[in-house]
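*Asks:* Next comes coords09.cif, mmCIF, C-alpha atoms:
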```cif
data_entry
#
loop_
_atom_site.group_PDB
_atom_site.id
_atom_site.type_symbol
_atom_site.label_atom_id
_atom_site.label_comp_id
_atom_site.auth_asym_id
_atom_site.auth_seq_id
_atom_site.Cartn_x
_atom_site.Cartn_y
_atom_site.Cartn_z
ATOM 1 C CA MET S 815 0.000 0.000 0.000
ATOM 2 C CA VAL S 816 1.327 3.434 -0.915
ATOM 3 C CA SER S 817 1.411 5.739 2.092
ATOM 4 C CA TYR S 818 -0.175 9.192 2.152
ATOM 5 C CA GLY S 819 3.282 10.795 2.447
ATOM 6 C CA ALA S 820 4.727 8.939 -0.555
ATOM 7 C CA GLU S 821 1.678 9.791 -2.652
ATOM 8 C CA LEU S 822 1.846 13.465 -1.703
ATOM 9 C CA ALA S 823 5.582 13.623 -2.461
ATOM 10 C CA LYS S 824 4.800 12.209 -5.907
ATOM 11 C CA GLU S 825 2.180 14.906 -6.472
ATOM 12 C CA ILE S 826 4.613 17.636 -5.384
ATOM 13 C CA ARG S 827 7.264 16.364 -7.833
ATOM 14 C CA ALA S 828 4.682 16.272 -10.618
ATOM 15 C CA ALA S 829 3.641 19.864 -9.899
ATOM 16 C CA ILE S 830 7.266 21.023 -10.040
ATOM 17 C CA LYS S 831 7.808 19.161 -13.318
ATOM 18 C CA THR S 832 4.835 20.940 -14.880
ATOM 19 C CA LEU S 833 6.795 24.164 -14.334
ATOM 20 C CA GLY S 834 9.636 22.710 -16.396
ATOM 21 C CA TYR S 835 12.060 21.781 -13.618
ATOM 22 C CA LYS S 836 13.700 18.449 -12.832
ATOM 23 C CA THR S 837 13.288 16.811 -9.423
ATOM 24 C CA GLY S 838 15.618 13.853 -9.734
ATOM 25 C CA GLY S 839 18.933 12.656 -11.107
ATOM 26 C CA LYS S 840 22.327 14.357 -11.294
ATOM 27 C CA ASN S 841 20.895 17.398 -13.076
ATOM 28 C CA ALA S 842 18.012 17.954 -10.672
ATOM 29 C CA ASP S 843 16.937 21.559 -10.213
ATOM 30 C CA VAL S 844 15.338 20.776 -6.854
ATOM 31 C CA THR S 845 14.748 17.655 -4.810
ATOM 32 C CA VAL S 846 11.662 16.614 -2.849
ATOM 33 C CA ARG S 847 12.251 14.621 0.312
ATOM 34 C CA LYS S 848 9.699 13.291 2.770
ATOM 35 C CA ARG S 849 10.903 14.118 6.276
ATOM 36 C CA SER S 850 7.905 12.495 7.927
ATOM 37 C CA SER S 851 4.418 11.435 6.930
ATOM 38 C CA TYR S 852 3.252 15.049 6.990
ATOM 39 C CA SER S 853 6.489 17.000 6.493
ATOM 40 C CA PHE S 854 8.317 17.581 3.190
ATOM 41 C CA GLN S 855 11.552 19.337 2.290
ATOM 42 C CA ILE S 856 12.175 20.930 -1.110
ATOM 43 C CA THR S 857 15.873 21.746 -1.605
ATOM 44 C CA GLN S 858 17.496 23.810 -4.340
ATOM 45 C CA LYS S 859 20.204 21.911 -6.253
ATOM 46 C CA ASN S 860 20.704 23.989 -9.387
ATOM 47 C CA PRO S 861 22.742 27.127 -8.559
ATOM 48 C CA ASP S 862 21.691 28.763 -11.841
ATOM 49 C CA LEU S 863 18.025 29.052 -10.874
ATOM 50 C CA ALA S 864 16.977 32.681 -10.698
ATOM 51 C CA LEU S 865 15.324 34.071 -7.596
ATOM 52 C CA GLN S 866 12.097 34.539 -9.535
ATOM 53 C CA GLU S 867 12.114 30.861 -10.576
ATOM 54 C CA LEU S 868 12.707 29.698 -7.001
ATOM 55 C CA ALA S 869 9.886 31.916 -5.765
ATOM 56 C CA MET S 870 7.557 30.388 -8.384
ATOM 57 C CA ILE S 871 8.524 26.848 -7.301
ATOM 58 C CA GLU S 872 7.937 27.774 -3.658
ATOM 59 C CA LEU S 873 4.506 29.221 -4.395
ATOM 60 C CA THR S 874 3.604 26.005 -6.233
ATOM 61 C CA VAL S 875 4.706 23.582 -3.519
ATOM 62 C CA LYS S 876 3.194 25.690 -0.748
ATOM 63 C CA ASN S 877 -0.198 24.871 -2.241
ATOM 64 C CA PHE S 878 0.268 21.412 -0.762
ATOM 65 C CA GLN S 879 0.748 22.791 2.742
ATOM 66 C CA SER S 880 -2.229 22.473 5.021
ATOM 67 C CA ILE S 881 -2.229 23.787 8.586
ATOM 68 C CA ASP S 882 -5.300 23.875 10.817
ATOM 69 C CA ARG S 883 -5.480 26.735 13.322
ATOM 70 C CA CYS S 884 -7.847 27.650 16.119
ATOM 71 C CA GLU S 885 -10.273 30.222 14.776
ATOM 72 C CA TYR S 886 -10.106 32.152 18.035
ATOM 73 C CA SER S 887 -6.478 31.988 19.205
ATOM 74 C CA GLY S 888 -4.760 31.290 15.899
ATOM 75 C CA GLU S 889 -2.777 28.448 17.467
ATOM 76 C CA ILE S 890 -1.903 25.434 15.313
ATOM 77 C CA LEU S 891 -4.167 22.488 16.071
ATOM 78 C CA SER S 892 -2.618 19.064 16.449
ATOM 79 C CA GLY S 893 -3.613 16.534 13.856
ATOM 80 C CA ALA S 894 -3.081 15.859 10.175
ATOM 81 C CA ASN S 895 -1.232 19.086 9.295
ATOM 82 C CA THR S 896 1.022 19.039 6.253
ATOM 83 C CA TYR S 897 4.215 21.134 6.353
ATOM 84 C CA ILE S 898 6.323 22.184 3.363
ATOM 85 C CA PHE S 899 9.862 23.468 3.997
ATOM 86 C CA VAL S 900 12.020 25.081 1.316
ATOM 87 C CA TYR S 901 15.815 25.058 1.569
ATOM 88 C CA GLY S 902 18.442 26.925 -0.411
ATOM 89 C CA LEU S 903 21.913 25.898 -1.559
ATOM 90 C CA ASP S 904 23.312 26.998 1.795
ATOM 91 C CA GLY S 905 21.268 24.304 3.564
ATOM 92 C CA TYR S 906 19.066 26.763 5.445
ATOM 93 C CA SER S 907 15.307 27.025 5.352
ATOM 94 C CA LYS S 908 14.168 30.209 3.682
ATOM 95 C CA SER S 909 11.397 31.940 1.818
ATOM 96 C CA PHE S 910 12.341 32.697 -1.773
ATOM 97 C CA VAL S 911 9.043 34.503 -2.189
ATOM 98 C CA ALA S 912 9.948 36.992 0.549
ATOM 99 C CA GLU S 913 13.445 37.416 -0.883
ATOM 100 C CA HIS S 914 12.005 37.983 -4.353
ATOM 101 C CA ASP S 915 9.559 40.585 -3.018
ATOM 102 C CA THR S 916 12.433 42.348 -1.239
ATOM 103 C CA GLU S 917 14.568 42.273 -4.380
ATOM 104 C CA ARG S 918 11.682 43.513 -6.512
ATOM 105 C CA LYS S 919 11.072 46.387 -4.110
ATOM 106 C CA ARG S 920 14.787 47.225 -4.149
ATOM 107 C CA LEU S 921 14.809 47.317 -7.953
ATOM 108 C CA GLU S 922 11.671 49.452 -7.971
ATOM 109 C CA ASP S 923 13.281 51.836 -5.478
ATOM 110 C CA GLU S 924 16.419 51.988 -7.603
ATOM 111 C CA LYS S 925 14.351 52.729 -10.715
ATOM 112 C CA TRP S 926 12.446 55.434 -8.870
ATOM 113 C CA ASP S 927 15.751 56.879 -7.676
ATOM 114 C CA ARG S 928 17.173 56.851 -11.225
ATOM 115 C CA ASP S 929 14.007 58.419 -12.638
ATOM 116 C CA TYR S 930 14.021 61.057 -9.911
ATOM 117 C CA ARG S 931 17.691 61.914 -10.504
ATOM 118 C CA ALA S 932 17.039 62.102 -14.245
ATOM 119 C CA LYS S 933 14.091 64.427 -13.603
ATOM 120 C CA VAL S 934 16.173 66.669 -11.335
ATOM 121 C CA ASN S 935 19.058 66.753 -13.827
ATOM 122 C CA ALA S 936 16.657 67.654 -16.642
ATOM 123 C CA GLU S 937 15.127 70.447 -14.549
ATOM 124 C CA LYS S 938 18.562 71.772 -13.608
ATOM 125 C CA ALA S 939 19.629 71.703 -17.254
ATOM 126 C CA GLU S 940 16.499 73.643 -18.210
ATOM 127 C CA VAL S 941 17.123 76.294 -15.548
ATOM 128 C CA THR S 942 20.812 76.528 -16.516
ATOM 129 C CA GLU S 943 19.823 77.054 -20.134
ATOM 130 C CA ASN S 944 17.351 79.777 -19.057
ATOM 131 C CA ALA S 945 20.094 81.384 -16.984
ATOM 132 C CA ALA S 946 22.535 81.274 -19.904
ATOM 133 C CA ILE S 947 20.035 82.892 -22.267
ATOM 134 C CA ALA S 948 19.235 85.579 -19.688
ATOM 135 C CA GLN S 949 22.911 86.289 -19.020
ATOM 136 C CA ASP S 950 23.690 86.409 -22.729
ATOM 137 C CA ALA S 951 20.887 88.935 -23.293
ATOM 138 C CA ILE S 952 21.179 91.140 -20.211
ATOM 139 C CA GLU S 953 24.766 90.569 -18.989
ATOM 140 C CA PHE S 954 24.222 90.740 -15.237
ATOM 141 C CA GLU S 955 27.232 91.833 -13.224
ATOM 142 C CA THR S 956 26.753 89.444 -10.298
ATOM 143 C CA GLU S 957 25.380 85.976 -9.678
ATOM 144 C CA GLU S 958 22.895 87.419 -7.173
ATOM 145 C CA GLU S 959 21.357 89.653 -9.842
ATOM 146 C CA LEU S 960 20.939 86.704 -12.184
ATOM 147 C CA VAL S 961 19.399 84.576 -9.426
ATOM 148 C CA GLN S 962 16.909 87.307 -8.560
ATOM 149 C CA TYR S 963 15.955 87.715 -12.219
ATOM 150 C CA LEU S 964 15.315 83.977 -12.591
ATOM 151 C CA LEU S 965 13.087 84.100 -9.520
ATOM 152 C CA ASP S 966 11.239 87.247 -10.606
ATOM 153 C CA VAL S 967 10.307 85.945 -14.058
ATOM 154 C CA ASP S 968 9.818 82.356 -12.828
ATOM 155 C CA LEU S 969 12.514 80.731 -14.959
ATOM 156 C CA CYS S 970 13.756 78.394 -12.214
ATOM 157 C CA LEU S 971 10.651 76.233 -11.670
ATOM 158 C CA GLY S 972 10.081 77.981 -8.350
ATOM 159 C CA LYS S 973 13.260 76.527 -6.821
ATOM 160 C CA LYS S 974 15.804 79.062 -5.640
ATOM 161 C CA TYR S 975 18.592 76.517 -5.263
ATOM 162 C CA TYR S 976 18.175 75.637 -8.960
ATOM 163 C CA ALA S 977 18.641 79.312 -9.784
ATOM 164 C CA THR S 978 21.653 79.604 -7.475
ATOM 165 C CA ASP S 979 23.371 76.557 -8.973
ATOM 166 C CA ALA S 980 22.589 77.702 -12.507
ATOM 167 C CA ALA S 981 23.908 81.218 -11.909
ATOM 168 C CA LYS S 982 27.117 79.862 -10.405
ATOM 169 C CA LYS S 983 27.672 77.551 -13.368
ATOM 170 C CA VAL S 984 26.912 80.304 -15.880
ATOM 171 C CA PHE S 985 29.364 82.750 -14.306
ATOM 172 C CA GLU S 986 32.051 80.056 -14.095
ATOM 173 C CA ILE S 987 31.717 79.280 -17.800
ATOM 174 C CA VAL S 988 31.516 82.946 -18.748
ATOM 175 C CA ALA S 989 34.746 83.556 -16.826
ATOM 176 C CA GLU S 990 36.325 80.542 -18.540
ATOM 177 C CA LEU S 991 35.306 81.815 -21.971
ATOM 178 C CA LYS S 992 36.626 85.300 -21.238
ATOM 179 C CA ALA S 993 39.915 83.834 -20.048
ATOM 180 C CA GLU S 994 40.105 81.725 -23.184
ATOM 181 C CA GLU S 995 39.530 84.785 -25.374
ATOM 182 C CA THR S 996 42.249 86.813 -23.648
ATOM 183 C CA GLN S 997 44.823 84.026 -23.243
ATOM 184 C CA GLU S 998 47.313 83.681 -26.045
ATOM 185 C CA PRO S 999 47.790 80.050 -27.042
ATOM 186 C CA THR S 1000 51.338 78.802 -26.753
ATOM 187 C CA THR S 1001 50.969 76.678 -29.855
ATOM 188 C CA THR S 1002 48.449 76.466 -32.677
ATOM 189 C CA THR S 1003 48.426 73.488 -34.952
ATOM 190 C CA THR S 1004 46.573 75.426 -37.671
ATOM 191 C CA THR S 1005 46.597 79.110 -38.503
ATOM 192 C CA THR S 1006 43.758 79.433 -40.995
ATOM 193 C CA THR S 1007 40.114 78.525 -41.156
ATOM 194 C CA ASP S 1008 39.532 75.338 -43.143
ATOM 195 C CA ARG S 1009 36.299 74.881 -45.056
ATOM 196 C CA HIS S 1010 34.995 71.414 -45.825
ATOM 197 C CA LYS S 1011 32.139 70.475 -48.154
ATOM 198 C CA LEU S 1012 30.336 67.385 -46.915
ATOM 199 C CA ASN S 1013 26.886 66.106 -47.927
ATOM 200 C CA GLY S 1014 25.854 69.572 -49.077
ATOM 201 C CA LEU S 1015 27.031 71.205 -45.836
ATOM 202 C CA THR S 1016 29.916 73.612 -45.385
ATOM 203 C CA VAL S 1017 31.847 72.990 -42.175
ATOM 204 C CA GLN S 1018 34.328 75.654 -41.067
ATOM 205 C CA ALA S 1019 37.158 74.305 -38.919
ATOM 206 C CA LEU S 1020 38.642 77.184 -36.947
ATOM 207 C CA PRO S 1021 42.326 77.172 -35.907
ATOM 208 C CA THR S 1022 43.148 74.520 -33.325
ATOM 209 C CA LYS S 1023 44.239 75.955 -29.985
ATOM 210 C CA LEU S 1024 46.640 74.144 -27.695
ATOM 211 C CA HIS S 1025 47.089 75.253 -24.104
ATOM 212 C CA PRO S 1026 49.706 73.108 -22.327
ATOM 213 C CA GLU S 1027 48.045 73.612 -18.936
ATOM 214 C CA THR S 1028 44.503 72.863 -20.040
ATOM 215 C CA GLY S 1029 44.077 71.033 -23.312
ATOM 216 C CA ILE S 1030 43.287 71.084 -27.014
ATOM 217 C CA TYR S 1031 40.401 73.151 -28.379
ATOM 218 C CA ASN S 1032 38.833 72.530 -31.815
ATOM 219 C CA THR S 1033 35.937 74.702 -32.943
ATOM 220 C CA TYR S 1034 33.647 74.017 -35.903
ATOM 221 C CA LEU S 1035 30.927 76.170 -37.469
ATOM 222 C CA THR S 1036 28.163 75.383 -39.958
ATOM 223 C CA ASP S 1037 24.754 76.774 -40.876
ATOM 224 C CA LEU S 1038 21.672 74.963 -39.620
ATOM 225 C CA SER S 1039 19.341 77.276 -41.562
ATOM 226 C CA GLU S 1040 19.295 80.842 -42.856
ATOM 227 C CA LYS S 1041 18.729 82.166 -39.341
ATOM 228 C CA ARG S 1042 20.540 79.653 -37.170
ATOM 229 C CA ALA S 1043 24.035 78.258 -37.009
ATOM 230 C CA VAL S 1044 25.701 75.469 -35.060
ATOM 231 C CA GLU S 1045 29.008 75.879 -33.260
ATOM 232 C CA VAL S 1046 30.704 72.807 -31.808
ATOM 233 C CA LEU S 1047 33.641 73.035 -29.425
ATOM 234 C CA VAL S 1048 35.598 69.810 -28.988
ATOM 235 C CA TYR S 1049 37.749 70.057 -25.867
ATOM 236 C CA GLN S 1050 40.328 67.401 -25.024
ATOM 237 C CA SER S 1051 41.803 67.830 -21.552
ATOM 238 C CA ILE S 1052 45.493 66.981 -21.206
ATOM 239 C CA ASN S 1053 45.679 66.239 -17.494
ATOM 240 C CA TYR S 1054 42.051 65.314 -16.732
ATOM 241 C CA PRO S 1055 40.510 63.192 -19.530
ATOM 242 C CA GLU S 1056 37.228 62.971 -17.617
ATOM 243 C CA PHE S 1057 36.758 66.715 -18.204
ATOM 244 C CA SER S 1058 36.983 66.343 -22.004
ATOM 245 C CA ARG S 1059 33.722 67.304 -23.659
ATOM 246 C CA ILE S 1060 31.850 68.143 -26.824
ATOM 247 C CA THR S 1061 29.861 71.371 -26.487
ATOM 248 C CA VAL S 1062 27.067 72.000 -28.997
ATOM 249 C CA MET S 1063 25.738 75.559 -29.345
ATOM 250 C CA VAL S 1064 22.859 76.653 -31.566
ATOM 251 C CA LYS S 1065 23.006 80.404 -32.287
ATOM 252 C CA LYS S 1066 20.933 82.864 -34.250
ATOM 253 C CA THR S 1067 23.799 83.308 -36.728
ATOM 254 C CA GLN S 1068 27.323 82.005 -36.807
ATOM 255 C CA PHE S 1069 28.523 85.576 -36.330
ATOM 256 C CA SER S 1070 26.614 86.215 -33.106
ATOM 257 C CA GLY S 1071 28.254 86.155 -29.685
ATOM 258 C CA ARG S 1072 29.010 82.891 -27.959
ATOM 259 C CA THR S 1073 26.180 81.360 -25.947
ATOM 260 C CA MET S 1074 25.927 78.517 -23.472
ATOM 261 C CA GLY S 1075 25.588 75.092 -25.001
ATOM 262 C CA LYS S 1076 24.975 71.489 -24.096
ATOM 263 C CA ASP S 1077 27.920 69.323 -23.046
ATOM 264 C CA PHE S 1078 28.355 65.713 -24.109
ATOM 265 C CA LYS S 1079 31.025 63.121 -23.357
ATOM 266 C CA THR S 1080 30.892 61.386 -26.759
ATOM 267 C CA TRP S 1081 29.734 62.058 -30.302
ATOM 268 C CA GLU S 1082 27.210 59.220 -29.960
ATOM 269 C CA GLU S 1083 25.688 60.906 -26.924
ATOM 270 C CA ALA S 1084 25.497 64.209 -28.804
ATOM 271 C CA LEU S 1085 23.869 62.645 -31.879
ATOM 272 C CA ASN S 1086 21.316 60.732 -29.792
ATOM 273 C CA ASN S 1087 20.290 63.947 -28.001
ATOM 274 C CA TYR S 1088 18.727 65.493 -31.112
ATOM 275 C CA LYS S 1089 15.706 64.375 -33.146
ATOM 276 C CA SER S 1090 15.973 66.844 -36.031
ATOM 277 C CA PRO S 1091 17.419 65.066 -39.112
ATOM 278 C CA LYS S 1092 19.090 68.345 -40.174
ATOM 279 C CA MET S 1093 20.727 68.773 -36.763
ATOM 280 C CA ILE S 1094 21.904 65.148 -36.765
ATOM 281 C CA ALA S 1095 23.318 65.577 -40.283
ATOM 282 C CA VAL S 1096 25.168 68.738 -39.212
ATOM 283 C CA LEU S 1097 26.713 67.032 -36.174
ATOM 284 C CA ALA S 1098 27.632 63.959 -38.234
ATOM 285 C CA ALA S 1099 29.383 66.192 -40.781
ATOM 286 C CA ILE S 1100 31.279 68.013 -38.032
ATOM 287 C CA GLN S 1101 32.245 64.707 -36.441
ATOM 288 C CA GLU S 1102 33.651 63.456 -39.754
ATOM 289 C CA VAL S 1103 35.611 66.674 -40.344
ATOM 290 C CA HIS S 1104 36.994 66.473 -36.792
ATOM 291 C CA THR S 1105 38.032 62.835 -37.285
ATOM 292 C CA VAL S 1106 39.867 63.709 -40.518
ATOM 293 C CA LYS S 1107 41.468 66.730 -38.884
ATOM 294 C CA LYS S 1108 42.826 64.629 -35.986
ATOM 295 C CA GLN S 1109 44.495 62.301 -38.460
#
```
Before we go any further, please render this structure as structure tokens.
*Replies:*
Amino acid sequence: MVSYGAELAKEIRAAIKTLGYKTGGKNADVTVRKRSSYSFQITQKNPDLALQELAMIELTVKNFQSIDRCEYSGEILSGANTYIFVYGLDGYSKSFVAEHDTERKRLEDEKWDRDYRAKVNAEKAEVTENAAIAQDAIEFETEEELVQYLLDVDLCLGKKYYATDAAKKVFEIVAELKAEETQEPTTTTTTTTDRHKLNGLTVQALPTKLHPETGIYNTYLTDLSEKRAVEVLVYQSINYPEFSRITVMVKKTQFSGRTMGKDFKTWEEALNNYKSPKMIAVLAAIQEVHTVKKQ
């Protein structure tokens, strides 16, 4: 006669197999062992099983667990209770379902954190761009004046610390640009403006500037339309490669004063930032001219 425990163990193995996992042999994913007539142990054997898979197996086998409790006190009643225990590779009883829920919550929290940081960075970039446009148009003498203007005309999303950070960054870059304009380069690798025809676009490569203490500056100009031009500054830092950048500036005309632009670490990042086919074509042309120039 087949005992109740042996029959139930067989049913548990069959349920696990319906999920696509092996319960016996050298390549078993999990094993099912009868500890007593009413107690069963499911043990992980395959180290490659994902936490989600183990949680699914646990949920399946727990359907066979049956525990009677007092409806008033909640205490477990003695009798024909069936217990299912799940063990991991470490030999300890655990709940993969709880671990999976914890991991899922952690991943959700991480995603929320990434989304929140991305949102904050996008807002800061927007305020910095507003600050740059305001500074370029009005030319405030102090950071405080620029901050107050951003607050007065509500160009900082109602957040003063955004305005403060943006003003500081704008004045730092303005000072850097002024210093660059007044500093005589020790060496220039080119002395004339090169013009390149590429895919119907004219790309002007301005003289390369080399500053031994900072880095190499390459500037390129091309028309985006009759009213707008694109200027790209490719900066390669000598001592701090992580500060190297590609700055893209869209101006009313290529003869207008320098404005703040967007910084990118790579050409791919710059190209992926824009959706306009014309803008992408312009950047691609400038990238090709810059690659040829480096050679």
*Asks:* Would you please work out which residue, of S:Leu868, S:Thr874, S:Ala1099, S:Asn860, is nearest to Ala829 of chain S when using only C-alpha atoms?
*Replies:*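 Once distances to Ala829 of chain S are computed over only C-alpha atoms, the minimum belongs to S:Thr874.
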*Asks:* I'd like the interatomic distance between atom CA of Tyr930 of chain S and atom CA of Met1063 of chain S, to a tenth of an Å.
*Replies:*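 It comes out at 26.9 Å.
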*Asks:* Quick one: which residues end up in the PyMOL selection byres ((chain S and resi 889-901) around 6) for this structure, as a PyMOL selection string?
*Replies:* chain S and resi 852-857+879-884+887-888+902+905-908
*Asks:* Report as a list of chain:residue names all protein, DNA and RNA residues lying within 12 Å of Asn1087 of chain S, evaluated on all atoms listed in the file, omitting residues in the same chain fewer than 6 positions from it.
*Replies:*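 Once the nearby chain positions are removed, what remains is S:Val1062, S:Lys1076, S:Asp1077, S:Phe1078, S:Lys1079, S:Thr1080, S:Trp1081, S:Met1093, S:Ile1094, S:Leu1097.
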*Asks:* Residues at most 9 Å from Tyr1031 of chain S, counting all atoms listed in the file, excluding those fewer than 4 positions away in the same chain, as a PyMOL selection string?
*Replies:* chain S and resi 1021-1025+1047-1051
*Asks:* Just the number, please: distance in Å from atom CA of Ala993 of chain S to atom CA of Ile1030 of chain S, one decimal.
*Replies:* 14.9 Å
*Asks:* Kindly write segment 829-881 of chain S with C-alpha atoms to a file, as a JSON list (two decimals), in the first residue's frame.
*Replies:*
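Result saved to part-v5.json:
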```json
[["chain", "number", "residue", "atom", "x", "y", "z"],
["S", 829, "ALA", "CA", 3.64, 19.86, -9.90],
["S", 830, "ILE", "CA", 7.27, 21.02, -10.04],
["S", 831, "LYS", "CA", 7.81, 19.16, -13.32],
["S", 832, "THR", "CA", 4.84, 20.94, -14.88],
["S", 833, "LEU", "CA", 6.80, 24.16, -14.33],
["S", 834, "GLY", "CA", 9.64, 22.71, -16.40],
["S", 835, "TYR", "CA", 12.06, 21.78, -13.62],
["S", 836, "LYS", "CA", 13.70, 18.45, -12.83],
["S", 837, "THR", "CA", 13.29, 16.81, -9.42],
["S", 838, "GLY", "CA", 15.62, 13.85, -9.73],
["S", 839, "GLY", "CA", 18.93, 12.66, -11.11],
["S", 840, "LYS", "CA", 22.33, 14.36, -11.29],
["S", 841, "ASN", "CA", 20.90, 17.40, -13.08],
["S", 842, "ALA", "CA", 18.01, 17.95, -10.67],
["S", 843, "ASP", "CA", 16.94, 21.56, -10.21],
["S", 844, "VAL", "CA", 15.34, 20.78, -6.85],
["S", 845, "THR", "CA", 14.75, 17.65, -4.81],
["S", 846, "VAL", "CA", 11.66, 16.61, -2.85],
["S", 847, "ARG", "CA", 12.25, 14.62, 0.31],
["S", 848, "LYS", "CA", 9.70, 13.29, 2.77],
["S", 849, "ARG", "CA", 10.90, 14.12, 6.28],
["S", 850, "SER", "CA", 7.90, 12.50, 7.93],
["S", 851, "SER", "CA", 4.42, 11.43, 6.93],
["S", 852, "TYR", "CA", 3.25, 15.05, 6.99],
["S", 853, "SER", "CA", 6.49, 17.00, 6.49],
["S", 854, "PHE", "CA", 8.32, 17.58, 3.19],
["S", 855, "GLN", "CA", 11.55, 19.34, 2.29],
["S", 856, "ILE", "CA", 12.17, 20.93, -1.11],
["S", 857, "THR", "CA", 15.87, 21.75, -1.60],
["S", 858, "GLN", "CA", 17.50, 23.81, -4.34],
["S", 859, "LYS", "CA", 20.20, 21.91, -6.25],
["S", 860, "ASN", "CA", 20.70, 23.99, -9.39],
["S", 861, "PRO", "CA", 22.74, 27.13, -8.56],
["S", 862, "ASP", "CA", 21.69, 28.76, -11.84],
["S", 863, "LEU", "CA", 18.03, 29.05, -10.87],
["S", 864, "ALA", "CA", 16.98, 32.68, -10.70],
["S", 865, "LEU", "CA", 15.32, 34.07, -7.60],
["S", 866, "GLN", "CA", 12.10, 34.54, -9.53],
["S", 867, "GLU", "CA", 12.11, 30.86, -10.58],
["S", 868, "LEU", "CA", 12.71, 29.70, -7.00],
["S", 869, "ALA", "CA", 9.89, 31.92, -5.77],
["S", 870, "MET", "CA", 7.56, 30.39, -8.38],
["S", 871, "ILE", "CA", 8.52, 26.85, -7.30],
["S", 872, "GLU", "CA", 7.94, 27.77, -3.66],
["S", 873, "LEU", "CA", 4.51, 29.22, -4.40],
["S", 874, "THR", "CA", 3.60, 26.01, -6.23],
["S", 875, "VAL", "CA", 4.71, 23.58, -3.52],
["S", 876, "LYS", "CA", 3.19, 25.69, -0.75],
["S", 877, "ASN", "CA", -0.20, 24.87, -2.24],
["S", 878, "PHE", "CA", 0.27, 21.41, -0.76],
["S", 879, "GLN", "CA", 0.75, 22.79, 2.74],
["S", 880, "SER", "CA", -2.23, 22.47, 5.02],
["S", 881, "ILE", "CA", -2.23, 23.79, 8.59]]
```
